[in-house]
file structure_3.pdb (PDB, C-alpha atoms)
MODEL        1
ATOM      1  CA  MET A   1     -40.043  48.741  36.783
ATOM      2  CA  HIS A   2     -38.941  48.569  40.365
ATOM      3  CA  ILE A   3     -39.240  44.795  40.446
ATOM      4  CA  PHE A   4     -37.351  44.318  37.172
ATOM      5  CA  LEU A   5     -34.352  46.214  38.400
ATOM      6  CA  LYS A   6     -34.407  44.621  41.820
ATOM      7  CA  LYS A   7     -34.525  40.929  40.876
ATOM      8  CA  LYS A   8     -32.190  40.851  37.900
ATOM      9  CA  SER A   9     -29.188  38.629  38.603
ATOM     10  CA  GLY A  10     -26.748  36.242  36.755
ATOM     11  CA  MET A  11     -26.701  32.409  36.706
ATOM     12  CA  SER A  12     -26.437  30.589  39.982
ATOM     13  CA  LEU A  13     -23.847  27.846  40.510
ATOM     14  CA  VAL A  14     -26.577  25.181  40.309
ATOM     15  CA  GLU A  15     -27.659  26.461  36.887
ATOM     16  CA  VAL A  16     -24.074  26.404  35.673
ATOM     17  CA  ILE A  17     -23.621  22.810  36.863
ATOM     18  CA  ILE A  18     -26.857  21.711  35.131
ATOM     19  CA  ALA A  19     -25.793  23.406  31.890
ATOM     20  CA  LEU A  20     -22.407  21.745  32.225
ATOM     21  CA  ALA A  21     -23.963  18.312  32.741
ATOM     22  CA  ILE A  22     -26.178  18.739  29.667
ATOM     23  CA  THR A  23     -23.212  19.852  27.560
ATOM     24  CA  LEU A  24     -21.108  16.893  28.690
ATOM     25  CA  LEU A  25     -23.980  14.460  28.105
ATOM     26  CA  ILE A  26     -24.559  15.711  24.570
ATOM     27  CA  SER A  27     -20.865  15.687  23.713
ATOM     28  CA  SER A  28     -20.371  12.175  25.144
ATOM     29  CA  VAL A  29     -23.273  10.933  23.007
ATOM     30  CA  LEU A  30     -21.663  12.575  19.971
ATOM     31  CA  VAL A  31     -18.294  11.014  20.760
ATOM     32  CA  PHE A  32     -19.870   7.577  21.244
ATOM     33  CA  ALA A  33     -21.737   7.849  17.934
ATOM     34  CA  ASN A  34     -18.557   8.957  16.192
ATOM     35  CA  LEU A  35     -16.543   6.102  17.722
ATOM     36  CA  THR A  36     -19.146   3.590  16.556
ATOM     37  CA  TYR A  37     -19.004   5.079  13.056
ATOM     38  CA  PHE A  38     -15.198   4.858  13.102
ATOM     39  CA  ARG A  39     -15.220   1.234  14.259
ATOM     40  CA  THR A  40     -17.876   0.190  11.745
ATOM     41  CA  SER A  41     -15.984   1.821   8.896
ATOM     42  CA  THR A  42     -12.654   0.191   9.764
ATOM     43  CA  ASP A  43     -14.377  -3.175  10.271
ATOM     44  CA  SER A  44     -16.370  -2.955   7.055
ATOM     45  CA  ILE A  45     -13.258  -2.650   4.869
ATOM     46  CA  LYS A  46     -11.932  -5.883   6.440
ATOM     47  CA  ASP A  47     -15.336  -7.496   5.883
ATOM     48  CA  ILE A  48     -15.313  -6.501   2.205
ATOM     49  CA  LYS A  49     -11.802  -7.920   1.720
ATOM     50  CA  ALA A  50     -12.810 -11.139   3.482
ATOM     51  CA  ILE A  51     -15.985 -11.520   1.398
ATOM     52  CA  TYR A  52     -13.959 -11.229  -1.834
ATOM     53  CA  LEU A  53     -11.399 -13.718  -0.498
ATOM     54  CA  THR A  54     -14.164 -16.205   0.402
ATOM     55  CA  GLU A  55     -15.815 -15.801  -2.989
ATOM     56  CA  GLU A  56     -12.414 -16.185  -4.669
ATOM     57  CA  GLY A  57     -11.939 -19.424  -2.715
ATOM     58  CA  VAL A  58     -15.135 -20.902  -4.150
ATOM     59  CA  GLU A  59     -14.189 -19.824  -7.691
ATOM     60  CA  VAL A  60     -10.664 -21.226  -7.455
ATOM     61  CA  ILE A  61     -11.686 -24.545  -5.904
ATOM     62  CA  THR A  62     -14.477 -24.997  -8.464
ATOM     63  CA  PHE A  63     -11.834 -24.377 -11.121
ATOM     64  CA  LEU A  64      -9.394 -26.828  -9.481
ATOM     65  CA  ALA A  65     -12.172 -29.443  -9.042
ATOM     66  CA  LYS A  66     -11.997 -30.166 -12.792
ATOM     67  CA  ASP A  67      -9.319 -32.511 -11.540
ATOM     68  CA  TRP A  68     -11.169 -34.250  -8.694
ATOM     69  CA  ASN A  69      -7.869 -35.232  -7.033
ATOM     70  CA  ASN A  70      -7.171 -31.551  -6.286
ATOM     71  CA  LEU A  71      -9.905 -31.625  -3.654
ATOM     72  CA  GLY A  72      -7.869 -33.988  -1.488
ATOM     73  CA  GLU A  73      -9.361 -35.964   1.389
ATOM     74  CA  VAL A  74     -12.794 -35.256   2.819
ATOM     75  CA  ASP A  75     -13.043 -33.479   6.196
ATOM     76  CA  VAL A  76      -9.436 -32.280   6.024
ATOM     77  CA  ASP A  77      -8.559 -28.571   6.098
ATOM     78  CA  TYR A  78      -6.662 -27.276   3.089
ATOM     79  CA  TYR A  79      -5.355 -23.823   2.250
ATOM     80  CA  LEU A  80      -5.086 -22.160  -1.139
ATOM     81  CA  PHE A  81      -1.670 -20.947  -2.138
ATOM     82  CA  TRP A  82      -0.798 -18.825  -5.168
ATOM     83  CA  THR A  83       2.585 -19.953  -6.513
ATOM     84  CA  GLY A  84       2.898 -16.959  -8.814
ATOM     85  CA  LEU A  85       1.776 -19.068 -11.743
ATOM     86  CA  THR A  86      -1.157 -21.095 -10.483
ATOM     87  CA  TRP A  87      -3.345 -21.958  -7.510
ATOM     88  CA  VAL A  88      -2.581 -25.042  -5.421
ATOM     89  CA  ALA A  89      -4.338 -26.622  -2.463
ATOM     90  CA  THR A  90      -1.980 -27.346   0.424
ATOM     91  CA  THR A  91      -2.249 -28.467   4.044
ATOM     92  CA  THR A  92       0.253 -25.762   5.060
ATOM     93  CA  GLU A  93      -1.399 -22.745   6.672
ATOM     94  CA  ASN A  94      -0.773 -19.413   5.018
ATOM     95  CA  TYR A  95      -1.922 -15.890   5.647
ATOM     96  CA  ILE A  96      -3.089 -13.387   3.055
ATOM     97  CA  ASP A  97      -1.688  -9.918   3.790
ATOM     98  CA  GLN A  98      -0.527 -11.399   7.157
ATOM     99  CA  ILE A  99      -4.125 -11.137   8.395
ATOM    100  CA  TYR A 100      -6.544 -13.459   6.655
ATOM    101  CA  LYS A 101      -6.414 -17.234   6.919
ATOM    102  CA  ARG A 102      -8.452 -19.004   4.244
ATOM    103  CA  LYS A 103      -9.154 -22.689   4.618
ATOM    104  CA  PHE A 104     -11.462 -25.032   2.810
ATOM    105  CA  PHE A 105     -12.707 -28.541   3.387
ATOM    106  CA  THR A 106     -15.010 -30.898   1.539
ATOM    107  CA  GLU A 107     -17.619 -33.254   2.959
ATOM    108  CA  VAL A 108     -19.313 -36.390   1.705
ATOM    109  CA  VAL A 109     -22.763 -35.788   0.229
ATOM    110  CA  ASN A 110     -25.523 -38.339   0.833
ATOM    111  CA  ARG A 111     -28.485 -38.839  -1.476
ATOM    112  CA  ASP A 112     -31.773 -40.662  -0.917
ATOM    113  CA  ASN A 113     -33.615 -42.962  -3.347
ATOM    114  CA  ASN A 114     -35.015 -39.942  -5.252
ATOM    115  CA  ASN A 115     -31.450 -38.729  -5.800
ATOM    116  CA  ASP A 116     -32.072 -35.727  -3.515
ATOM    117  CA  ILE A 117     -29.364 -34.514  -1.158
ATOM    118  CA  VAL A 118     -30.127 -35.435   2.439
ATOM    119  CA  LEU A 119     -28.338 -34.359   5.611
ATOM    120  CA  SER A 120     -28.904 -37.701   7.369
ATOM    121  CA  GLY A 121     -29.438 -41.205   5.991
ATOM    122  CA  GLY A 122     -29.173 -41.963   2.289
ATOM    123  CA  SER A 123     -26.053 -43.282   0.643
ATOM    124  CA  PRO A 124     -22.857 -41.383  -0.215
ATOM    125  CA  ASP A 125     -22.583 -39.914  -3.723
ATOM    126  CA  LEU A 126     -18.978 -40.277  -4.857
ATOM    127  CA  ASN A 127     -19.443 -37.694  -7.623
ATOM    128  CA  THR A 128     -20.623 -34.844  -5.383
ATOM    129  CA  ARG A 129     -18.959 -33.086  -2.499
ATOM    130  CA  LYS A 130     -19.994 -30.231  -0.262
ATOM    131  CA  LEU A 131     -17.399 -27.466  -0.228
ATOM    132  CA  THR A 132     -16.988 -24.949   2.577
ATOM    133  CA  VAL A 133     -14.590 -22.025   2.308
ATOM    134  CA  GLN A 134     -13.863 -20.085   5.473
ATOM    135  CA  VAL A 135     -11.858 -16.895   5.900
ATOM    136  CA  ALA A 136     -10.849 -15.971   9.458
ATOM    137  CA  TRP A 137      -9.065 -12.912  10.807
ATOM    138  CA  SER A 138      -8.350 -11.416  14.229
ATOM    139  CA  ASP A 139      -9.990  -8.168  15.208
ATOM    140  CA  ASN A 140      -8.487  -6.764  18.404
ATOM    141  CA  LYS A 141      -9.362  -9.637  20.742
ATOM    142  CA  SER A 142     -12.087 -11.478  18.828
ATOM    143  CA  THR A 143     -11.890 -13.536  15.655
ATOM    144  CA  SER A 144     -14.213 -12.806  12.747
ATOM    145  CA  THR A 145     -15.089 -15.329  10.068
ATOM    146  CA  LYS A 146     -16.855 -15.420   6.722
ATOM    147  CA  SER A 147     -17.804 -18.657   5.074
ATOM    148  CA  ILE A 148     -19.549 -19.862   1.933
ATOM    149  CA  SER A 149     -20.726 -23.395   1.164
ATOM    150  CA  SER A 150     -21.348 -24.861  -2.252
ATOM    151  CA  TYR A 151     -21.758 -28.253  -3.925
ATOM    152  CA  LEU A 152     -19.211 -29.570  -6.403
ATOM    153  CA  MET A 153     -20.097 -32.114  -9.095
ATOM    154  CA  LYS A 154     -17.565 -34.356 -10.750
ATOM    155  CA  LEU A 155     -17.722 -33.921 -14.511
ATOM    156  CA  ASN A 156     -17.569 -36.877 -16.857
ATOM    157  CA  ASP A 157     -14.128 -37.429 -18.309
TER     158      ASP A 157
ATOM    159  CA  MET B   1     -45.585  55.849  32.060
ATOM    160  CA  ILE B   2     -42.143  56.257  33.603
ATOM    161  CA  LYS B   3     -40.718  59.678  33.812
ATOM    162  CA  THR B   4     -37.051  60.199  33.408
ATOM    163  CA  ASN B   5     -36.569  61.804  36.798
ATOM    164  CA  ASN B   6     -38.341  58.845  38.484
ATOM    165  CA  PHE B   7     -36.102  56.355  36.772
ATOM    166  CA  LYS B   8     -32.989  58.188  37.858
ATOM    167  CA  ARG B   9     -34.180  58.287  41.403
ATOM    168  CA  ASP B  10     -35.058  54.595  41.410
ATOM    169  CA  SER B  11     -31.759  53.499  39.921
ATOM    170  CA  LYS B  12     -29.975  55.375  42.663
ATOM    171  CA  ILE B  13     -31.921  53.436  45.240
ATOM    172  CA  TYR B  14     -30.847  50.075  43.797
ATOM    173  CA  LEU B  15     -27.292  50.979  43.086
ATOM    174  CA  ASP B  16     -26.128  48.324  45.543
ATOM    175  CA  LYS B  17     -27.648  45.602  43.233
ATOM    176  CA  LYS B  18     -25.563  42.470  43.614
ATOM    177  CA  GLY B  19     -23.258  41.548  40.655
ATOM    178  CA  TYR B  20     -20.460  38.941  40.301
ATOM    179  CA  SER B  21     -17.651  39.121  42.758
ATOM    180  CA  LEU B  22     -14.115  38.621  41.459
ATOM    181  CA  ILE B  23     -13.958  35.125  43.036
ATOM    182  CA  GLU B  24     -17.202  34.093  41.332
ATOM    183  CA  ALA B  25     -16.006  35.407  38.030
ATOM    184  CA  LEU B  26     -12.762  33.465  38.386
ATOM    185  CA  ILE B  27     -14.609  30.239  39.252
ATOM    186  CA  TYR B  28     -16.927  30.575  36.266
ATOM    187  CA  LEU B  29     -14.029  31.455  34.024
ATOM    188  CA  SER B  30     -12.047  28.402  35.118
ATOM    189  CA  ILE B  31     -15.100  26.144  34.596
ATOM    190  CA  PHE B  32     -15.553  27.668  31.152
ATOM    191  CA  VAL B  33     -11.892  27.101  30.302
ATOM    192  CA  VAL B  34     -11.967  23.452  31.431
ATOM    193  CA  VAL B  35     -15.237  22.668  29.644
ATOM    194  CA  SER B  36     -14.250  24.403  26.421
ATOM    195  CA  SER B  37     -10.833  22.686  26.349
ATOM    196  CA  VAL B  38     -12.548  19.307  26.785
ATOM    197  CA  ILE B  39     -15.045  20.096  24.032
ATOM    198  CA  ILE B  40     -12.350  21.399  21.679
ATOM    199  CA  SER B  41     -10.237  18.269  22.185
ATOM    200  CA  LEU B  42     -13.332  16.122  21.539
ATOM    201  CA  ILE B  43     -14.099  17.998  18.340
ATOM    202  CA  TRP B  44     -10.449  17.710  17.282
ATOM    203  CA  SER B  45     -10.419  13.939  17.878
ATOM    204  CA  MET B  46     -13.652  13.631  15.891
ATOM    205  CA  ILE B  47     -12.116  15.550  13.004
ATOM    206  CA  ARG B  48      -9.053  13.272  13.111
ATOM    207  CA  MET B  49     -11.234  10.160  13.123
ATOM    208  CA  ASN B  50     -13.247  11.424  10.186
ATOM    209  CA  ARG B  51     -10.055  12.141   8.260
ATOM    210  CA  GLN B  52      -9.031   8.524   8.823
ATOM    211  CA  VAL B  53     -12.437   7.089   7.996
ATOM    212  CA  THR B  54     -13.138   9.086   4.835
ATOM    213  CA  PRO B  55     -10.326   7.488   2.749
ATOM    214  CA  LEU B  56     -11.273   4.025   4.071
ATOM    215  CA  ASN B  57     -14.870   4.530   2.949
ATOM    216  CA  SER B  58     -13.723   5.821  -0.449
ATOM    217  CA  ILE B  59     -11.455   2.774  -0.859
ATOM    218  CA  SER B  60     -14.280   0.377   0.097
ATOM    219  CA  ARG B  61     -16.647   1.917  -2.425
ATOM    220  CA  ALA B  62     -13.983   1.942  -5.147
ATOM    221  CA  ALA B  63     -13.046  -1.698  -4.491
ATOM    222  CA  VAL B  64     -16.626  -2.939  -4.618
ATOM    223  CA  SER B  65     -17.602  -0.956  -7.700
ATOM    224  CA  SER B  66     -14.493  -1.863  -9.739
ATOM    225  CA  LEU B  67     -14.281  -5.530  -8.668
ATOM    226  CA  GLU B  68     -17.984  -6.094  -9.334
ATOM    227  CA  ALA B  69     -17.678  -4.626 -12.815
ATOM    228  CA  ILE B  70     -14.494  -6.596 -13.640
ATOM    229  CA  ASN B  71     -15.897  -9.885 -12.290
ATOM    230  CA  ARG B  72     -19.118  -9.406 -14.241
ATOM    231  CA  GLU B  73     -17.216  -8.837 -17.494
ATOM    232  CA  ILE B  74     -14.963 -11.883 -16.915
ATOM    233  CA  ARG B  75     -17.847 -14.203 -16.026
ATOM    234  CA  GLY B  76     -19.840 -13.128 -19.059
ATOM    235  CA  ALA B  77     -16.940 -13.351 -21.514
ATOM    236  CA  VAL B  78     -16.561 -16.076 -24.139
ATOM    237  CA  ARG B  79     -12.767 -16.130 -24.137
ATOM    238  CA  VAL B  80      -9.662 -14.171 -23.213
ATOM    239  CA  ASP B  81      -7.696 -12.421 -25.941
ATOM    240  CA  LEU B  82      -4.287 -13.779 -24.902
ATOM    241  CA  ILE B  83      -2.387 -11.861 -27.569
ATOM    242  CA  ASN B  84      -3.522  -8.368 -26.592
ATOM    243  CA  SER B  85      -3.845  -8.878 -22.830
ATOM    244  CA  ILE B  86      -0.935  -8.124 -20.504
ATOM    245  CA  PHE B  87      -0.683 -10.366 -17.432
ATOM    246  CA  SER B  88       1.378 -10.639 -14.232
ATOM    247  CA  THR B  89       2.441  -6.983 -13.991
ATOM    248  CA  SER B  90       1.135  -4.190 -11.773
ATOM    249  CA  THR B  91      -0.152  -2.402 -14.876
ATOM    250  CA  SER B  92      -1.939  -5.352 -16.450
ATOM    251  CA  SER B  93      -4.631  -5.079 -19.033
ATOM    252  CA  LEU B  94      -7.280  -7.608 -19.857
ATOM    253  CA  GLU B  95      -8.973  -8.041 -23.219
ATOM    254  CA  LEU B  96     -12.054 -10.209 -23.348
ATOM    255  CA  ILE B  97     -14.125 -11.458 -26.246
ATOM    256  CA  THR B  98     -17.791 -11.207 -25.359
ATOM    257  CA  GLN B  99     -20.929 -12.510 -26.965
ATOM    258  CA  GLY B 100     -21.774  -9.054 -28.280
ATOM    259  CA  ASP B 101     -24.861  -7.996 -30.157
ATOM    260  CA  GLN B 102     -26.615  -9.653 -33.110
ATOM    261  CA  GLY B 103     -24.169 -12.496 -33.453
ATOM    262  CA  PHE B 104     -21.084 -10.291 -33.780
ATOM    263  CA  PRO B 105     -18.513 -10.904 -31.049
ATOM    264  CA  GLY B 106     -17.830  -7.909 -28.821
ATOM    265  CA  ARG B 107     -14.578  -6.828 -27.214
ATOM    266  CA  VAL B 108     -13.981  -5.478 -23.719
ATOM    267  CA  LYS B 109     -10.693  -4.048 -22.486
ATOM    268  CA  ILE B 110      -9.994  -3.330 -18.817
ATOM    269  CA  TYR B 111      -6.779  -1.437 -18.063
ATOM    270  CA  LEU B 112      -5.025   0.976 -15.741
ATOM    271  CA  SER B 113      -4.392   4.525 -16.895
ATOM    272  CA  SER B 114      -3.045   7.342 -14.674
ATOM    273  CA  GLY B 115      -4.301   5.759 -11.451
ATOM    274  CA  VAL B 116      -7.777   4.975 -12.755
ATOM    275  CA  ILE B 117      -9.193   1.635 -13.940
ATOM    276  CA  LYS B 118     -10.785   2.218 -17.315
ATOM    277  CA  MET B 119     -12.914   0.142 -19.634
ATOM    278  CA  ASP B 120     -13.153   0.156 -23.430
ATOM    279  CA  LYS B 121     -15.976  -1.556 -25.252
ATOM    280  CA  ASP B 122     -15.425  -2.417 -28.920
ATOM    281  CA  ASN B 123     -12.335  -0.153 -28.860
ATOM    282  CA  ILE B 124     -14.346   2.858 -27.654
ATOM    283  CA  TYR B 125     -13.620   4.320 -24.208
ATOM    284  CA  LEU B 126     -16.657   3.585 -22.052
ATOM    285  CA  GLY B 127     -15.650   5.233 -18.768
ATOM    286  CA  PRO B 128     -13.775   4.783 -15.496
ATOM    287  CA  LEU B 129     -14.472   1.820 -13.194
ATOM    288  CA  SER B 130     -12.837   3.457 -10.156
ATOM    289  CA  PRO B 131     -13.777   6.881  -8.714
ATOM    290  CA  ASN B 132     -11.340   9.812  -8.978
ATOM    291  CA  ASN B 133     -10.931  10.282  -5.192
ATOM    292  CA  VAL B 134      -9.095   6.943  -5.033
ATOM    293  CA  ASN B 135      -5.792   6.181  -6.696
ATOM    294  CA  VAL B 136      -5.300   2.715  -8.169
ATOM    295  CA  ASP B 137      -1.631   1.942  -7.445
ATOM    296  CA  ALA B 138      -1.677  -1.432  -9.149
ATOM    297  CA  LEU B 139      -3.998  -3.554 -11.245
ATOM    298  CA  THR B 140      -2.701  -7.109 -11.666
ATOM    299  CA  PHE B 141      -4.339  -9.804 -13.757
ATOM    300  CA  ASN B 142      -3.096 -13.390 -13.824
ATOM    301  CA  TYR B 143      -4.375 -15.975 -16.254
ATOM    302  CA  ILE B 144      -4.564 -19.708 -15.642
ATOM    303  CA  SER B 145      -6.410 -22.294 -17.683
ATOM    304  CA  SER B 146      -7.284 -25.966 -17.613
ATOM    305  CA  SER B 147      -8.444 -28.087 -20.542
ATOM    306  CA  THR B 148     -12.003 -26.878 -20.035
ATOM    307  CA  GLN B 149     -11.941 -23.545 -18.285
ATOM    308  CA  SER B 150     -10.046 -20.286 -17.733
ATOM    309  CA  LEU B 151      -9.642 -18.312 -14.548
ATOM    310  CA  ILE B 152      -8.500 -14.726 -14.067
ATOM    311  CA  LYS B 153      -6.925 -13.713 -10.768
ATOM    312  CA  ILE B 154      -7.335 -10.023  -9.962
ATOM    313  CA  GLU B 155      -5.422  -7.853  -7.531
ATOM    314  CA  ILE B 156      -6.250  -4.194  -7.018
ATOM    315  CA  ASP B 157      -4.090  -1.943  -4.808
ATOM    316  CA  LEU B 158      -5.950   1.207  -3.806
ATOM    317  CA  SER B 159      -4.923   4.301  -1.859
ATOM    318  CA  SER B 160      -6.777   7.414  -0.755
ATOM    319  CA  GLY B 161      -6.376  10.396   1.581
ATOM    320  CA  VAL B 162      -3.608  12.939   2.113
ATOM    321  CA  GLY B 163      -0.498  13.064   4.319
ATOM    322  CA  GLU B 164      -0.591  10.999   7.500
ATOM    323  CA  TYR B 165      -4.201  10.047   6.778
ATOM    324  CA  ARG B 166      -3.372   8.260   3.524
ATOM    325  CA  LYS B 167      -4.601   4.664   3.533
ATOM    326  CA  THR B 168      -3.616   1.786   1.271
ATOM    327  CA  GLU B 169      -5.557  -1.450   0.897
ATOM    328  CA  ASN B 170      -5.191  -4.434  -1.440
ATOM    329  CA  PHE B 171      -8.146  -6.430  -2.707
ATOM    330  CA  TYR B 172      -8.076  -9.896  -4.240
ATOM    331  CA  SER B 173     -10.549 -11.749  -6.361
ATOM    332  CA  SER B 174     -10.648 -14.536  -8.944
ATOM    333  CA  SER B 175     -13.273 -15.275 -11.534
ATOM    334  CA  ARG B 176     -13.896 -18.053 -14.005
ATOM    335  CA  LEU B 177     -15.281 -17.568 -17.504
ATOM    336  CA  TYR B 178     -18.723 -19.142 -17.167
ATOM    337  CA  ASN B 179     -19.617 -19.111 -20.836
ATOM    338  CA  GLY B 180     -16.483 -20.466 -22.402
ATOM    339  CA  LYS B 181     -12.823 -21.106 -22.066
TER     340      LYS B 181
ENDMDL
END
call {"tool": "encode", "arguments": {"input": "structure_3.pdb", "output": "structure tokens"}}
result
Amino acid sequence: MHIFLKKKSGMSLVEVIIALAITLLISSVLVFANLTYFRTSTDSIKDIKAIYLTEEGVEVITFLAKDWNNLGEVDVDYYLFWTGLTWVATTTENYIDQIYKRKFFTEVVNRDNNNDIVLSGGSPDLNTRKLTVQVAWSDNKSTSTKSISSYLMKLND
Amino acid sequence: MIKTNNFKRDSKIYLDKKGYSLIEALIYLSIFVVVSSVIISLIWSMIRMNRQVTPLNSISRAAVSSLEAINREIRGAVRVDLINSIFSTSTSSLELITQGDQGFPGRVKIYLSSGVIKMDKDNIYLGPLSPNNVNVDALTFNYISSSTQSLIKIEIDLSSGVGEYRKTENFYSSSRLYNGK
């Protein structure tokens, strides 16, 4: 009983500083985790919009490709523009919601003797083109992109 | 066994037991004030962030669920009922003729009603396509067709959250009718 009464004392300054450090460490981890969550959430909504815009690009160009001339020249960047009545492919850049830039280009497709698509060699197939749709937008300092590729076949008239 | 008189005597002996001085108390108090104000401001900023993020997440979920359902119906449809559909307005409605069951053509209607995208199947209300924590400000369908195929352009304007935390986002999509014109 003597000892108990004699030695009892409050926290020392060192203990307080250690407790403080632990508290700050835990709260900084929490803040970092929360910031990451915030950034991911705000980025993901842009990602979702961009994915739908890319997918829309493929749908619209496949629709427009019924008239092969709508595809324009190979290896040239085109942009889709909604006139209010219909979709048109144009070489003029335009932004969707002032943020997203959606371009597309087509490439020549080569086939070998078995009629299979090959990346090198073979001979060009005038009735097939490779389509790539790309949506780009600026995020703070970096640029994010989403792209989809697909093959287009010319239908018999 | 401690007797009461012993305890009293002992406590008198150690009466000069060291406690906090006023300076120490003030130092600890000021540390406590600084730390707690930092922690409170951190918690407050986290609450603010969450209030901003929650409507964004609700909007994302609503956009994906409603656009997926609408695109699926359009792609699976046989043709568009041009007479009963309303196009090019912010309160459009789309009526589709589907393959239906047992050879009988079915009918699907997608429309906007009091801020919610709704779907009717064979003239019977099937349910909402957008959740109730998100308001659909506009649902716009546009119809274009070529000699062989039809395409529906969709725009959905969504908003969620209250006061300064209210967020608005527009989503765009287009779908062709795969099974017909």
call {"tool": "resolve_selection", "arguments": {"input": "structure_3.pdb", "expression": "the ChimeraX specification (/A :<6) & /B", "output": "VMD selection string"}}
result
chain B and resid 60 171 173 to 174
call {"tool": "resolve_selection", "arguments": {"input": "structure_3.pdb", "expression": "the PyMOL selection byres ((chain B and resi 143) around 8)", "output": "number ranges by chain"}}
result
B: 87, 141-142, 144-145, 150-153
call {"tool": "resolve_selection", "arguments": {"input": "structure_3.pdb", "expression": "the PyMOL selection byres ((chain B and resi 127) around 12)", "output": "list in words"}}
result
Ser66, Ala69, Val108, Lys109, Ile110, Tyr111, Leu112, Ser113, Val116, Ile117, Lys118, Met119, Asp120, Lys121, Asn123, Ile124, Tyr125, Leu126, Pro128, Leu129, Ser130, Pro131 and Asn132 of chain B
call {"tool": "closest_residue", "arguments": {"input": "structure_3.pdb", "among": "A:Leu126, A:Phe104, A:Ser120, A:Ile26", "to": "Ser147 (chain A)", "atoms": "only C-alpha atoms"}}
result
A:Phe104
call {"tool": "atom_distance", "arguments": {"input": "structure_3.pdb", "atom1": "CA of Thr132 (chain A)", "atom2": "CA of Ile148 (chain A)"}}
result
5.7 Å
call {"tool": "residues_near_point", "arguments": {"input": "structure_3.pdb", "point": "(-16.0, 19.5, 26.0)", "cutoff": "12 Å", "atoms": "all atoms listed in the file", "output": "count of residues only"}}
result
28
call {"tool": "residues_around", "arguments": {"input": "structure_3.pdb", "residues": "Gly121 (chain A)", "least_positions_apart": "4", "cutoff": "9 Å", "atoms": "all atoms listed in the file", "output": "count of residues only"}}
result
3
call {"tool": "build_atoms", "arguments": {"input": "structure_3.pdb", "residues": "region 128-142 of chain B", "atoms": "N, CA and C atoms", "output": "CSV table (one decimal), in the coordinates of the input"}}
result
chain,number,residue,atom,x,y,z
B,128,PRO,N,-14.6,5.3,-16.6
B,128,PRO,CA,-13.8,4.8,-15.5
B,128,PRO,C,-14.5,3.8,-14.6
B,129,LEU,N,-13.8,2.8,-14.1
B,129,LEU,CA,-14.5,1.8,-13.2
B,129,LEU,C,-14.2,2.2,-11.7
B,130,SER,N,-13.2,3.0,-11.5
B,130,SER,CA,-12.8,3.5,-10.2
B,130,SER,C,-13.0,5.0,-10.0
B,131,PRO,N,-13.5,5.4,-8.9
B,131,PRO,CA,-13.8,6.9,-8.7
B,131,PRO,C,-12.5,7.7,-8.6
B,132,ASN,N,-12.6,9.0,-8.9
B,132,ASN,CA,-11.3,9.8,-9.0
B,132,ASN,C,-10.8,10.2,-7.6
B,133,ASN,N,-11.5,10.0,-6.5
B,133,ASN,CA,-10.9,10.3,-5.2
B,133,ASN,C,-10.1,9.1,-4.6
B,134,VAL,N,-9.9,8.1,-5.4
B,134,VAL,CA,-9.1,6.9,-5.0
B,134,VAL,C,-8.1,6.7,-6.1
B,135,ASN,N,-6.8,6.5,-5.7
B,135,ASN,CA,-5.8,6.2,-6.7
B,135,ASN,C,-5.6,4.7,-6.8
B,136,VAL,N,-5.6,4.1,-8.0
B,136,VAL,CA,-5.3,2.7,-8.2
B,136,VAL,C,-3.8,2.6,-8.4
B,137,ASP,N,-3.1,2.1,-7.4
B,137,ASP,CA,-1.6,1.9,-7.4
B,137,ASP,C,-1.2,0.8,-8.3
B,138,ALA,N,-2.0,-0.3,-8.3
B,138,ALA,CA,-1.7,-1.4,-9.1
B,138,ALA,C,-2.9,-2.2,-9.5
B,139,LEU,N,-2.9,-2.7,-10.8
B,139,LEU,CA,-4.0,-3.6,-11.2
B,139,LEU,C,-3.3,-4.8,-11.9
B,140,THR,N,-3.4,-5.9,-11.2
B,140,THR,CA,-2.7,-7.1,-11.7
B,140,THR,C,-3.7,-8.2,-12.1
B,141,PHE,N,-3.6,-8.7,-13.3
B,141,PHE,CA,-4.3,-9.8,-13.8
B,141,PHE,C,-3.4,-11.0,-14.0
B,142,ASN,N,-3.8,-12.2,-13.5
B,142,ASN,CA,-3.1,-13.4,-13.8
B,142,ASN,C,-4.1,-14.3,-14.5
